[in-house]
$ cat entry_16.cif   # mmCIF, C-alpha atoms and all ligand atoms
data_model
#
loop_
_atom_site.label_atom_id
_atom_site.label_comp_id
_atom_site.auth_asym_id
_atom_site.auth_seq_id
_atom_site.Cartn_x
_atom_site.Cartn_y
_atom_site.Cartn_z
CA MET A 21 23.85 -40.18 -18.37
CA ILE A 22 21.67 -42.78 -16.70
CA LYS A 23 22.51 -46.40 -17.39
CA ILE A 24 20.10 -49.10 -16.27
CA GLU A 25 21.39 -52.64 -16.73
CA ASN A 26 19.60 -55.96 -16.27
CA LEU A 27 17.30 -54.44 -13.69
CA ASN A 28 14.84 -56.68 -11.88
CA LYS A 29 12.37 -56.02 -9.11
CA VAL A 30 10.49 -58.81 -7.42
CA PHE A 31 7.79 -58.02 -4.87
CA GLU A 32 6.95 -60.68 -2.35
CA THR A 33 3.58 -60.57 -0.61
CA GLY A 34 2.45 -63.40 1.61
CA GLY A 35 5.03 -65.75 0.12
CA ILE A 36 3.88 -65.02 -3.44
CA LYS A 37 6.51 -63.54 -5.75
CA PHE A 38 5.65 -60.99 -8.40
CA GLU A 39 8.15 -59.76 -10.98
CA ALA A 40 7.29 -56.08 -11.50
CA ILE A 41 10.47 -55.26 -13.49
CA LYS A 42 12.08 -57.86 -15.72
CA ASP A 43 15.59 -57.44 -17.08
CA VAL A 44 15.26 -53.78 -18.06
CA ASN A 45 18.15 -52.13 -19.92
CA LEU A 46 17.98 -48.42 -20.78
CA ASN A 47 20.40 -45.64 -21.54
CA ILE A 48 19.14 -42.15 -20.91
CA ASN A 49 21.35 -39.34 -22.16
CA ASP A 50 21.91 -35.98 -20.52
CA LYS A 51 19.13 -33.53 -21.39
CA ASP A 52 16.88 -36.21 -22.82
CA ILE A 53 13.20 -35.87 -22.16
CA TYR A 54 12.71 -39.59 -22.00
CA GLY A 55 9.18 -40.95 -22.08
CA ILE A 56 8.17 -44.24 -20.47
CA ILE A 57 4.74 -45.30 -21.63
CA GLY A 58 2.68 -48.34 -20.76
CA LEU A 59 -0.67 -49.53 -19.50
CA SER A 60 -1.58 -49.61 -15.83
CA GLY A 61 0.53 -52.15 -13.94
CA ALA A 62 3.29 -52.23 -16.57
CA GLY A 63 5.92 -51.34 -13.97
CA LYS A 64 6.58 -47.71 -14.91
CA SER A 65 6.39 -46.25 -11.42
CA THR A 66 8.37 -49.12 -9.95
CA LEU A 67 11.09 -48.54 -12.54
CA ILE A 68 11.52 -44.83 -11.90
CA ARG A 69 11.24 -45.29 -8.15
CA CYS A 70 14.31 -47.51 -8.43
CA LEU A 71 16.24 -44.52 -9.83
CA ASN A 72 16.10 -42.64 -6.53
CA ARG A 73 15.87 -45.84 -4.52
CA LEU A 74 12.40 -45.20 -3.22
CA GLU A 75 12.24 -48.82 -4.35
CA GLU A 76 15.20 -51.18 -3.90
CA PRO A 77 15.86 -53.25 -7.04
CA THR A 78 16.20 -57.00 -6.55
CA SER A 79 19.12 -57.23 -8.99
CA GLY A 80 20.87 -55.34 -11.75
CA SER A 81 22.67 -52.02 -11.76
CA ILE A 82 21.89 -48.33 -12.15
CA SER A 83 24.50 -45.68 -12.70
CA ILE A 84 23.69 -41.99 -12.78
CA GLU A 85 26.49 -39.69 -13.94
CA GLY A 86 28.94 -42.50 -13.36
CA VAL A 87 27.80 -43.14 -9.77
CA ASP A 88 26.68 -46.69 -9.00
CA ILE A 89 23.64 -45.66 -7.00
CA LEU A 90 22.86 -49.10 -5.61
CA SER A 91 26.14 -49.10 -3.70
CA LEU A 92 25.51 -45.79 -1.89
CA GLY A 93 25.32 -45.79 1.90
CA LYS A 94 22.58 -43.95 3.77
CA GLU A 95 24.29 -40.55 3.99
CA GLU A 96 25.66 -40.73 0.44
CA LEU A 97 22.16 -41.58 -0.76
CA ARG A 98 20.70 -38.59 1.06
CA LEU A 99 23.18 -36.27 -0.67
CA PHE A 100 22.68 -37.98 -4.00
CA ARG A 101 18.91 -37.64 -3.86
CA LYS A 102 19.32 -33.87 -4.03
CA LYS A 103 20.33 -34.41 -7.64
CA ILE A 104 17.01 -36.05 -8.43
CA GLY A 105 13.73 -34.15 -8.22
CA MET A 106 10.36 -35.85 -8.51
CA ILE A 107 6.81 -34.80 -9.32
CA PHE A 108 3.62 -36.85 -9.09
CA GLN A 109 0.08 -37.05 -10.40
CA ASP A 110 -1.44 -35.92 -7.08
CA PHE A 111 1.19 -33.21 -6.45
CA ASN A 112 2.11 -34.35 -2.89
CA LEU A 113 2.07 -30.82 -1.45
CA LEU A 114 1.89 -30.16 2.28
CA LYS A 115 -1.67 -28.94 2.80
CA GLN A 116 -0.98 -27.04 6.03
CA LYS A 117 1.88 -25.04 4.48
CA THR A 118 1.79 -22.05 2.16
CA VAL A 119 3.10 -22.16 -1.40
CA TYR A 120 6.23 -20.39 -0.15
CA ASP A 121 6.86 -22.94 2.61
CA ASN A 122 6.23 -25.89 0.29
CA VAL A 123 8.89 -24.65 -2.14
CA ALA A 124 11.25 -23.63 0.67
CA LEU A 125 11.08 -27.04 2.36
CA PRO A 126 14.00 -28.73 0.56
CA LEU A 127 16.10 -25.61 1.20
CA TYR A 128 15.26 -25.58 4.93
CA LEU A 129 16.33 -29.21 5.01
CA GLU A 130 19.64 -28.15 3.45
CA LYS A 131 19.97 -25.58 6.23
CA MET A 132 20.33 -22.76 3.75
CA GLU A 133 20.35 -19.24 5.28
CA THR A 134 16.88 -17.71 5.58
CA LYS A 135 17.82 -14.75 3.36
CA LYS A 136 19.10 -17.04 0.63
CA ILE A 137 16.02 -19.22 0.91
CA LYS A 138 13.83 -16.18 0.38
CA GLU A 139 15.79 -15.12 -2.71
CA LYS A 140 15.72 -18.60 -4.14
CA VAL A 141 12.01 -19.25 -3.51
CA ASP A 142 11.09 -15.88 -5.05
CA LEU A 143 13.15 -16.77 -8.11
CA LEU A 144 11.55 -20.22 -8.38
CA LEU A 145 8.00 -18.92 -7.97
CA ASP A 146 8.68 -16.31 -10.61
CA TYR A 147 10.07 -19.03 -12.90
CA VAL A 148 6.94 -21.17 -12.64
CA GLY A 149 4.64 -18.14 -12.89
CA LEU A 150 3.25 -18.15 -9.34
CA LYS A 151 4.78 -15.05 -7.78
CA ASP A 152 1.36 -13.79 -6.70
CA LYS A 153 0.40 -17.06 -4.98
CA LYS A 154 3.27 -17.06 -2.51
CA ASN A 155 1.03 -16.89 0.57
CA SER A 156 -1.78 -19.10 -0.70
CA TYR A 157 -2.45 -22.60 0.56
CA PRO A 158 -2.65 -25.59 -1.81
CA SER A 159 -6.43 -25.80 -1.32
CA GLU A 160 -6.70 -22.35 -2.87
CA LEU A 161 -4.95 -23.39 -6.09
CA SER A 162 -6.04 -25.07 -9.32
CA GLY A 163 -4.51 -28.42 -10.31
CA GLY A 164 -2.15 -26.76 -12.78
CA GLN A 165 -1.02 -24.25 -10.15
CA LYS A 166 -0.45 -27.03 -7.61
CA GLN A 167 1.71 -28.87 -10.13
CA ARG A 168 3.71 -25.66 -10.70
CA VAL A 169 4.37 -25.45 -6.95
CA ALA A 170 5.45 -29.10 -6.97
CA ILE A 171 7.77 -28.42 -9.93
CA ALA A 172 9.31 -25.38 -8.19
CA ARG A 173 9.92 -27.55 -5.12
CA ALA A 174 11.37 -30.38 -7.22
CA ILE A 175 13.94 -28.11 -8.86
CA ALA A 176 14.77 -26.06 -5.73
CA ASN A 177 17.97 -28.01 -5.07
CA ASP A 178 19.15 -27.64 -8.70
CA PRO A 179 18.78 -31.33 -9.57
CA LYS A 180 20.35 -32.95 -12.64
CA VAL A 181 17.38 -35.23 -13.17
CA LEU A 182 13.65 -34.72 -12.81
CA LEU A 183 11.38 -37.76 -12.52
CA SER A 184 7.78 -37.14 -13.49
CA ASP A 185 5.24 -39.84 -12.62
CA GLU A 186 2.03 -39.05 -14.53
CA ALA A 187 2.42 -35.36 -13.64
CA THR A 188 -0.22 -34.27 -16.13
CA SER A 189 -2.64 -37.19 -15.79
CA SER A 190 -5.18 -35.38 -13.64
CA LEU A 191 -5.06 -32.10 -15.58
CA ASP A 192 -7.29 -30.93 -18.42
CA PRO A 193 -5.75 -30.86 -21.92
CA GLN A 194 -5.00 -27.13 -21.92
CA THR A 195 -3.38 -27.16 -18.50
CA THR A 196 -1.44 -30.26 -19.57
CA VAL A 197 0.02 -28.30 -22.49
CA SER A 198 1.10 -25.45 -20.21
CA ILE A 199 2.77 -27.83 -17.74
CA LEU A 200 4.53 -29.66 -20.59
CA GLU A 201 5.76 -26.32 -21.90
CA LEU A 202 7.15 -25.51 -18.46
CA LEU A 203 8.93 -28.88 -18.28
CA LYS A 204 10.39 -28.35 -21.74
CA ARG A 205 11.65 -24.92 -20.68
CA ILE A 206 13.23 -26.48 -17.58
CA GLN A 207 15.04 -29.05 -19.73
CA GLY A 208 16.24 -26.41 -22.20
CA GLU A 209 17.19 -23.58 -19.87
CA LEU A 210 18.35 -25.50 -16.81
CA GLY A 211 19.81 -28.49 -18.67
CA ILE A 212 17.87 -31.00 -16.57
CA THR A 213 17.28 -34.55 -17.85
CA ILE A 214 13.61 -35.42 -17.53
CA ILE A 215 12.05 -38.88 -17.31
CA MET A 216 8.35 -38.71 -18.08
CA ILE A 217 6.05 -41.55 -17.16
CA THR A 218 2.77 -41.36 -18.97
CA HIS A 219 0.01 -43.42 -20.50
CA GLN A 220 -0.69 -40.73 -23.12
CA MET A 221 1.23 -40.80 -26.41
CA GLU A 222 0.18 -37.16 -26.82
CA VAL A 223 2.52 -36.25 -23.94
CA VAL A 224 5.38 -38.21 -25.54
CA LYS A 225 4.71 -36.53 -28.86
CA GLN A 226 4.72 -33.05 -27.40
CA ILE A 227 7.93 -33.07 -25.40
CA CYS A 228 9.91 -36.32 -25.44
CA ASN A 229 12.84 -37.08 -27.72
CA LYS A 230 13.03 -40.78 -26.79
CA VAL A 231 10.48 -43.27 -25.60
CA ALA A 232 10.41 -46.73 -24.04
CA ILE A 233 7.24 -48.81 -24.12
CA MET A 234 6.69 -51.11 -21.14
CA ASP A 235 4.45 -54.13 -20.88
CA GLY A 236 4.35 -56.59 -18.01
CA GLY A 237 7.59 -55.27 -16.48
CA VAL A 238 9.47 -55.55 -19.78
CA VAL A 239 10.66 -52.78 -22.10
CA ILE A 240 9.23 -54.11 -25.36
CA GLU A 241 10.24 -51.23 -27.61
CA GLU A 242 12.63 -48.31 -27.28
CA ASN A 243 13.64 -45.66 -29.79
CA THR A 244 13.55 -42.01 -30.76
CA VAL A 245 10.02 -40.64 -30.82
CA GLU A 246 10.38 -40.07 -34.57
CA ASN A 247 11.26 -43.68 -35.22
CA VAL A 248 8.54 -45.09 -33.02
CA PHE A 249 5.94 -42.94 -34.76
CA ASN A 250 7.34 -43.70 -38.18
CA ASN A 251 7.73 -47.41 -37.73
CA PRO A 252 6.24 -48.84 -34.54
CA LYS A 253 7.28 -52.47 -34.09
CA THR A 254 4.93 -53.82 -31.45
CA THR A 255 1.15 -53.98 -31.40
CA LEU A 256 1.16 -52.01 -28.16
CA ALA A 257 3.22 -49.19 -29.71
CA LYS A 258 0.85 -49.14 -32.65
CA SER A 259 -2.16 -48.93 -30.38
CA PHE A 260 -0.62 -46.07 -28.37
CA ILE A 261 0.10 -44.18 -31.58
CA GLY A 262 -3.35 -45.12 -32.76
CA SER A 263 -4.72 -42.99 -29.98
CA VAL A 264 -3.31 -39.93 -31.72
CA ASN A 265 -3.72 -40.88 -35.39
CA THR A 266 -5.65 -43.14 -37.67
CA LEU A 267 -3.23 -46.03 -37.34
CA ALA A 268 -5.85 -47.63 -35.13
CA GLU A 269 -7.84 -48.22 -38.29
CA GLU A 270 -5.37 -50.96 -39.08
CA GLU A 271 -7.03 -52.87 -36.27
CA ILE A 272 -10.45 -52.65 -37.91
CA ILE A 273 -9.32 -53.16 -41.50
CA ASN A 274 -9.64 -56.81 -42.39
CA PRO A 275 -7.37 -57.77 -45.32
CA ASN A 276 -9.83 -60.54 -46.24
CA ASP A 277 -12.32 -57.86 -47.24
CA PHE A 278 -10.00 -56.59 -49.99
CA LYS A 279 -8.89 -58.24 -53.21
CA GLY A 280 -5.61 -56.26 -53.43
CA LYS A 281 -2.59 -56.19 -51.16
CA LEU A 282 -2.84 -53.95 -48.09
CA ILE A 283 0.24 -52.02 -47.08
CA ARG A 284 0.99 -49.53 -44.38
CA LEU A 285 3.41 -46.71 -45.20
CA GLY A 286 5.30 -44.56 -42.76
CA TYR A 287 7.26 -41.56 -43.88
CA LEU A 288 9.20 -38.82 -42.16
CA GLY A 289 9.64 -35.12 -42.73
CA GLU A 290 10.27 -34.03 -46.28
CA SER A 291 8.98 -37.29 -47.80
CA SER A 292 5.55 -36.25 -46.56
CA ASN A 293 5.66 -33.25 -48.90
CA ASN A 294 6.65 -35.24 -51.97
CA PRO A 295 3.97 -36.73 -54.15
CA ILE A 296 5.41 -40.22 -53.79
CA VAL A 297 2.13 -42.08 -54.20
CA SER A 298 1.22 -40.31 -57.42
CA GLN A 299 4.72 -41.00 -58.78
CA MET A 300 4.23 -44.66 -57.93
CA ILE A 301 0.90 -44.78 -59.76
CA LYS A 302 2.49 -43.21 -62.85
CA ASN A 303 5.50 -45.52 -62.84
CA PHE A 304 3.79 -48.88 -62.34
CA GLN A 305 0.80 -50.80 -63.65
CA ILE A 306 -1.22 -50.71 -60.46
CA GLU A 307 -4.36 -49.21 -59.02
CA VAL A 308 -4.30 -47.68 -55.56
CA ASN A 309 -7.04 -47.20 -52.98
CA ILE A 310 -6.27 -44.97 -50.03
CA LEU A 311 -7.94 -46.53 -46.97
CA SER A 312 -6.68 -44.17 -44.31
CA GLY A 313 -4.10 -41.48 -43.83
CA SER A 314 -2.78 -39.07 -41.25
CA ILE A 315 0.08 -36.77 -40.49
CA ASP A 316 1.41 -36.29 -36.96
CA LYS A 317 3.34 -33.13 -36.24
CA LEU A 318 6.21 -34.05 -33.93
CA GLN A 319 8.52 -31.46 -32.42
CA SER A 320 11.21 -31.50 -35.09
CA THR A 321 9.50 -33.18 -38.01
CA SER A 322 6.28 -34.73 -39.13
CA VAL A 323 5.38 -38.37 -39.58
CA GLY A 324 2.85 -39.52 -42.13
CA HIS A 325 0.96 -42.79 -42.29
CA LEU A 326 -1.06 -44.20 -45.11
CA ILE A 327 -2.85 -47.47 -45.49
CA LEU A 328 -3.18 -48.39 -49.17
CA GLU A 329 -4.70 -51.19 -51.16
CA LEU A 330 -2.55 -52.05 -54.18
CA ILE A 331 -4.32 -53.85 -57.02
CA GLY A 332 -2.40 -55.35 -59.94
CA GLU A 333 0.05 -58.07 -60.95
CA GLU A 334 2.19 -59.34 -58.08
CA SER A 335 5.38 -58.30 -59.94
CA GLU A 336 4.12 -54.71 -60.36
CA ILE A 337 3.12 -54.58 -56.69
CA GLU A 338 6.62 -55.78 -55.70
CA LYS A 339 8.21 -53.11 -57.89
CA SER A 340 5.94 -50.45 -56.41
CA MET A 341 6.92 -51.45 -52.89
CA ASP A 342 10.62 -51.38 -53.83
CA PHE A 343 10.10 -47.93 -55.29
CA LEU A 344 8.58 -46.70 -52.01
CA LYS A 345 11.43 -48.19 -50.00
CA GLN A 346 13.95 -46.39 -52.22
CA LYS A 347 12.16 -43.16 -51.32
CA ASN A 348 12.81 -43.90 -47.63
CA VAL A 349 9.24 -44.84 -46.92
CA THR A 350 8.76 -47.74 -44.51
CA VAL A 351 6.49 -50.33 -46.06
CA GLU A 352 4.73 -53.05 -44.13
CA VAL A 353 2.33 -55.56 -45.61
CA ILE A 354 -0.82 -55.97 -43.52
CA GLU A 355 -1.54 -59.69 -43.40
N1 LIG B 1 4.81 -52.57 -3.00
C1 LIG B 1 4.30 -53.47 -3.84
N2 LIG B 1 4.04 -54.73 -3.47
C2 LIG B 1 3.56 -55.65 -4.32
N3 LIG B 1 3.31 -55.43 -5.63
C3 LIG B 1 3.56 -54.18 -6.07
C4 LIG B 1 4.06 -53.14 -5.21
N4 LIG B 1 4.20 -52.01 -5.97
C5 LIG B 1 3.80 -52.34 -7.20
N5 LIG B 1 3.42 -53.63 -7.29
C6 LIG B 1 2.94 -54.33 -8.48
O1 LIG B 1 3.86 -54.15 -9.53
C7 LIG B 1 3.20 -53.94 -10.77
C8 LIG B 1 3.69 -52.67 -11.40
O2 LIG B 1 3.23 -51.58 -10.63
P1 LIG B 1 3.56 -50.09 -11.02
O3 LIG B 1 2.95 -49.21 -9.97
O4 LIG B 1 5.02 -49.94 -11.24
O5 LIG B 1 2.78 -49.94 -12.41
P2 LIG B 1 2.56 -48.66 -13.30
O6 LIG B 1 3.02 -49.00 -14.67
O7 LIG B 1 3.15 -47.46 -12.66
O8 LIG B 1 0.96 -48.55 -13.32
P3 LIG B 1 -0.01 -47.27 -13.29
O9 LIG B 1 -0.05 -46.75 -14.71
O10 LIG B 1 -1.33 -47.81 -12.86
O11 LIG B 1 0.57 -46.25 -12.33
C9 LIG B 1 1.70 -53.94 -10.45
O12 LIG B 1 1.17 -55.21 -10.78
C10 LIG B 1 1.64 -53.71 -8.97
O13 LIG B 1 0.54 -54.34 -8.40
MG MG B 2 2.36 -45.73 -11.85
#

$ encode --input "entry_16.cif" --output "structure tokens" --more "lines below"
Ligand SMILES: Nc1ncnc2c1ncn2[C@@H]1O[C@H](COP(=O)(O)OP(=O)(O)OP(=O)(O)O)[C@@H](O)[C@H]1O
Ligand SMILES: [Mg+2]
Amino acid sequence: MIKIENLNKVFETGGIKFEAIKDVNLNINDKDIYGIIGLSGAGKSTLIRCLNRLEEPTSGSISIEGVDILSLGKEELRLFRKKIGMIFQDFNLLKQKTVYDNVALPLYLEKMETKKIKEKVDLLLDYVGLKDKKNSYPSELSGGQKQRVAIARAIANDPKVLLSDEATSSLDPQTTVSILELLKRIQGELGITIIMITHQMEVVKQICNKVAIMDGGVVIEENTVENVFNNPKTTLAKSFIGSVNTLAEEEIINPNDFKGKLIRLGYLGESSNNPIVSQMIKNFQIEVNILSGSIDKLQSTSVGHLILELIGEESEIEKSMDFLKQKNVTVEVIE
């Protein structure tokens, strides 16, 4: 488990202070695939770079598997870093070295026997599907293949945690899916906790179980992916989800243009298969206009959203909304 408490990072350039991370608290459980999403400059990279101390926090504490990592001395830190692999948007491969040598590098540094290194690298390249590219150079590989090399290198020392900083951001959608599938397999089969920085909710939706949303150095929302999709609290969360469903329409729907009451419904899993809206229309004296609707397929369930206009007496509208809430639908009035 990773426990981040009251973490702050202040950069100082030319006497000017800038708070990149402000009082961040997060708990990341073993085997989570934990998404951190935010706009450019939100502090995502700074936050995960604090986890392996590529960046030194200004204050706060971080414990990983019970170890207070901010108290580690130089040699302890070197050993500890073996437990944390990292991958990047631009792969960070050594251009002058072959695929084999890139993956072998962390093992050379551990002074592993040459024979063992060979066995291990062959195993890793097989695992990431690049057995036949062993002697190629990075310049001879596609972006997806380069990221596979970087992933093999990042897991060579059998880490407990893998940090991924926009690892799929420069890949096309299809290659992104294949890399996400590989990461998911790594989490499942090797039991590695993965922290995924991204600015794409699609990535969160495909492989994360939890997500934190960052804005201006602050974690403004944090929950299971299901809950964030079902009932996003902040405007930023809504706009990120809006990029993958019609929730964005809420932004362009102006309640003043409608005579009825506008409500947004969110419902999970089995509720999405029940004809709740038609039941509501039968039970109460109201008319309903459906303004937008969508269903997002998450990994374990689906999340539906509907924006409705309810027309009728206020008391009937109240009863209708109570009815929906009893059916475990989240109901929010759009003002
Ligand atoms: N070494 C540094 N010195 C001064 N300011 C920095 C430094 N590193 C980052 N910052 C500032 O901290 C803020 C957060 O940067 P960070 O790289 O963590 O953002 P990010 O969320 O990863 O953004 P992006 O999505 O563009 O990668 C930015 O305003 C950035 O300019
Ligand atoms: Mg970044």

$ residues_near_ligand --input "entry_16.cif" --ligand "ligand MG 2 (chain B)" --cutoff "12 Å" --atoms "only C-alpha atoms and all ligand atoms" --output "ChimeraX atom specification"
/A:40,56-69,108-110,184-187,189,216-219,234,237

$ write_last_selection --input "entry_16.cif" --atoms "C-alpha atoms" --output "PDB file, keeping the file's coordinate frame"
ATOM      1  CA  ALA A  40       7.290 -56.080 -11.500  1.00  0.00           C
ATOM      2  CA  ILE A  56       8.170 -44.240 -20.470  1.00  0.00           C
ATOM      3  CA  ILE A  57       4.740 -45.300 -21.630  1.00  0.00           C
ATOM      4  CA  GLY A  58       2.680 -48.340 -20.760  1.00  0.00           C
ATOM      5  CA  LEU A  59      -0.670 -49.530 -19.500  1.00  0.00           C
ATOM      6  CA  SER A  60      -1.580 -49.610 -15.830  1.00  0.00           C
ATOM      7  CA  GLY A  61       0.530 -52.150 -13.940  1.00  0.00           C
ATOM      8  CA  ALA A  62       3.290 -52.230 -16.570  1.00  0.00           C
ATOM      9  CA  GLY A  63       5.920 -51.340 -13.970  1.00  0.00           C
ATOM     10  CA  LYS A  64       6.580 -47.710 -14.910  1.00  0.00           C
ATOM     11  CA  SER A  65       6.390 -46.250 -11.420  1.00  0.00           C
ATOM     12  CA  THR A  66       8.370 -49.120  -9.950  1.00  0.00           C
ATOM     13  CA  LEU A  67      11.090 -48.540 -12.540  1.00  0.00           C
ATOM     14  CA  ILE A  68      11.520 -44.830 -11.900  1.00  0.00           C
ATOM     15  CA  ARG A  69      11.240 -45.290  -8.150  1.00  0.00           C
ATOM     16  CA  PHE A 108       3.620 -36.850  -9.090  1.00  0.00           C
ATOM     17  CA  GLN A 109       0.080 -37.050 -10.400  1.00  0.00           C
ATOM     18  CA  ASP A 110      -1.440 -35.920  -7.080  1.00  0.00           C
ATOM     19  CA  SER A 184       7.780 -37.140 -13.490  1.00  0.00           C
ATOM     20  CA  ASP A 185       5.240 -39.840 -12.620  1.00  0.00           C
ATOM     21  CA  GLU A 186       2.030 -39.050 -14.530  1.00  0.00           C
ATOM     22  CA  ALA A 187       2.420 -35.360 -13.640  1.00  0.00           C
ATOM     23  CA  SER A 189      -2.640 -37.190 -15.790  1.00  0.00           C
ATOM     24  CA  MET A 216       8.350 -38.710 -18.080  1.00  0.00           C
ATOM     25  CA  ILE A 217       6.050 -41.550 -17.160  1.00  0.00           C
ATOM     26  CA  THR A 218       2.770 -41.360 -18.970  1.00  0.00           C
ATOM     27  CA  HIS A 219       0.010 -43.420 -20.500  1.00  0.00           C
ATOM     28  CA  MET A 234       6.690 -51.110 -21.140  1.00  0.00           C
ATOM     29  CA  GLY A 237       7.590 -55.270 -16.480  1.00  0.00           C
TER      30      GLY A 237
END

$ residues_around --input "entry_16.cif" --residues "segment 333-344 of chain A" --least-positions-apart "5" --cutoff "10 Å" --atoms "only C-alpha atoms" --output "ChimeraX atom specification"
/A:280-281,283,285,287,296-297,299-301,303-307,349-353

$ write_last_selection --input "entry_16.cif" --atoms "C-alpha atoms" --output "compact mmCIF listing (two decimals), in the frame of the given file"
# COMPACT_ATOMS: atom_id res chain seq x y z
CA GLY A 280 -5.61 -56.26 -53.43
CA LYS A 281 -2.59 -56.19 -51.16
CA ILE A 283 0.24 -52.02 -47.08
CA LEU A 285 3.41 -46.71 -45.20
CA TYR A 287 7.26 -41.56 -43.88
CA ILE A 296 5.41 -40.22 -53.79
CA VAL A 297 2.13 -42.08 -54.20
CA GLN A 299 4.72 -41.00 -58.78
CA MET A 300 4.23 -44.66 -57.93
CA ILE A 301 0.90 -44.78 -59.76
CA ASN A 303 5.50 -45.52 -62.84
CA PHE A 304 3.79 -48.88 -62.34
CA GLN A 305 0.80 -50.80 -63.65
CA ILE A 306 -1.22 -50.71 -60.46
CA GLU A 307 -4.36 -49.21 -59.02
CA VAL A 349 9.24 -44.84 -46.92
CA THR A 350 8.76 -47.74 -44.51
CA VAL A 351 6.49 -50.33 -46.06
CA GLU A 352 4.73 -53.05 -44.13
CA VAL A 353 2.33 -55.56 -45.61

$ residues_around --input "entry_16.cif" --residues "Lys317 of chain A" --least-positions-apart "6" --cutoff "9 Å" --atoms "all atoms listed in the file" --output "list in words"
Lys225, Gln226, Val323 and Gly324 of chain A

$ write_last_selection --input "entry_16.cif" --atoms "C-alpha atoms" --output "PDB file, keeping the file's coordinate frame"
ATOM      1  CA  LYS A 225       4.710 -36.530 -28.860  1.00  0.00           C
ATOM      2  CA  GLN A 226       4.720 -33.050 -27.400  1.00  0.00           C
ATOM      3  CA  VAL A 323       5.380 -38.370 -39.580  1.00  0.00           C
ATOM      4  CA  GLY A 324       2.850 -39.520 -42.130  1.00  0.00           C
TER       5      GLY A 324
END

$ residues_around --input "entry_16.cif" --residues "Val169 of chain A" --least-positions-apart "4" --cutoff "7 Å" --atoms "only C-alpha atoms" --output "ChimeraX atom specification"
/A:119,123,165,173

$ atom_distance --input "entry_16.cif" --atom1 "atom CA of Val239 of chain A" --atom2 "atom CA of Asn45 of chain A"
7.8 Å

$ atom_distance --input "entry_16.cif" --atom1 "atom CA of Glu39 of chain A" --atom2 "atom CA of Ser79 of chain A"
11.4 Å

$ closest_residue --input "entry_16.cif" --among "A:Gln167, A:Asn177, A:Ser162, A:Thr78" --to "Pro126 of chain A" --atoms "all atoms listed in the file"
A:Asn177

$ atom_distance --input "entry_16.cif" --atom1 "atom CA of Lys117 of chain A" --atom2 "atom CA of Lys131 of chain A"
18.2 Å

$ closest_residue --input "entry_16.cif" --among "A:Pro295, A:Ser259, A:Val238, A:Ile137" --to "Asn26 of chain A" --atoms "all atoms listed in the file"
A:Val238

$ residues_around --input "entry_16.cif" --residues "Gly163 of chain A" --least-positions-apart "2" --cutoff "9 Å" --atoms "only C-alpha atoms" --output "list in words"
Asp110, Phe111, Leu161, Gln165, Lys166, Gln167, Arg168, Ser190, Leu191, Asp192 and Thr195 of chain A

$ closest_residue --input "entry_16.cif" --among "A:Thr33, A:Ser322, A:Ser156, A:Thr188" --to "ligand LIG 1 (chain B)" --atoms "only C-alpha atoms and all ligand atoms"
A:Thr33

$ closest_residue --input "entry_16.cif" --among "A:Ile233, A:Ile261, A:Ile82, A:Ile327" --to "ligand LIG 1 (chain B)" --atoms "only C-alpha atoms and all ligand atoms"
A:Ile233

$ build_atoms --input "entry_16.cif" --residues "segment 31-40 of chain A" --atoms "N, CA and C atoms" --output "mmCIF file, in the frame of the given file"
data_model
loop_
_atom_site.group_PDB
_atom_site.id
_atom_site.type_symbol
_atom_site.label_atom_id
_atom_site.label_comp_id
_atom_site.auth_asym_id
_atom_site.auth_seq_id
_atom_site.Cartn_x
_atom_site.Cartn_y
_atom_site.Cartn_z
ATOM 1 N N PHE A 31 8.509 -58.286 -6.108
ATOM 2 C CA PHE A 31 7.790 -58.020 -4.870
ATOM 3 C C PHE A 31 7.350 -59.351 -4.291
ATOM 4 N N GLU A 32 7.411 -59.453 -2.964
ATOM 5 C CA GLU A 32 6.950 -60.680 -2.350
ATOM 6 C C GLU A 32 5.865 -60.343 -1.323
ATOM 7 N N THR A 33 4.674 -60.820 -1.568
ATOM 8 C CA THR A 33 3.580 -60.570 -0.610
ATOM 9 C C THR A 33 2.982 -61.911 -0.213
ATOM 10 N N GLY A 34 3.000 -62.158 1.075
ATOM 11 C CA GLY A 34 2.450 -63.400 1.610
ATOM 12 C C GLY A 34 3.031 -64.638 0.937
ATOM 13 N N GLY A 35 4.341 -64.596 0.700
ATOM 14 C CA GLY A 35 5.030 -65.750 0.120
ATOM 15 C C GLY A 35 4.849 -65.863 -1.395
ATOM 16 N N ILE A 36 4.063 -64.958 -1.989
ATOM 17 C CA ILE A 36 3.880 -65.020 -3.440
ATOM 18 C C ILE A 36 4.773 -63.972 -4.111
ATOM 19 N N LYS A 37 5.582 -64.453 -5.070
ATOM 20 C CA LYS A 37 6.510 -63.540 -5.750
ATOM 21 C C LYS A 37 5.872 -62.940 -6.991
ATOM 22 N N PHE A 38 6.160 -61.660 -7.197
ATOM 23 C CA PHE A 38 5.650 -60.990 -8.400
ATOM 24 C C PHE A 38 6.780 -60.177 -9.024
ATOM 25 N N GLU A 39 7.070 -60.472 -10.294
ATOM 26 C CA GLU A 39 8.150 -59.760 -10.980
ATOM 27 C C GLU A 39 7.598 -58.483 -11.617
ATOM 28 N N ALA A 40 7.847 -57.345 -10.984
ATOM 29 C CA ALA A 40 7.290 -56.080 -11.500
ATOM 30 C C ALA A 40 8.188 -55.487 -12.582
#
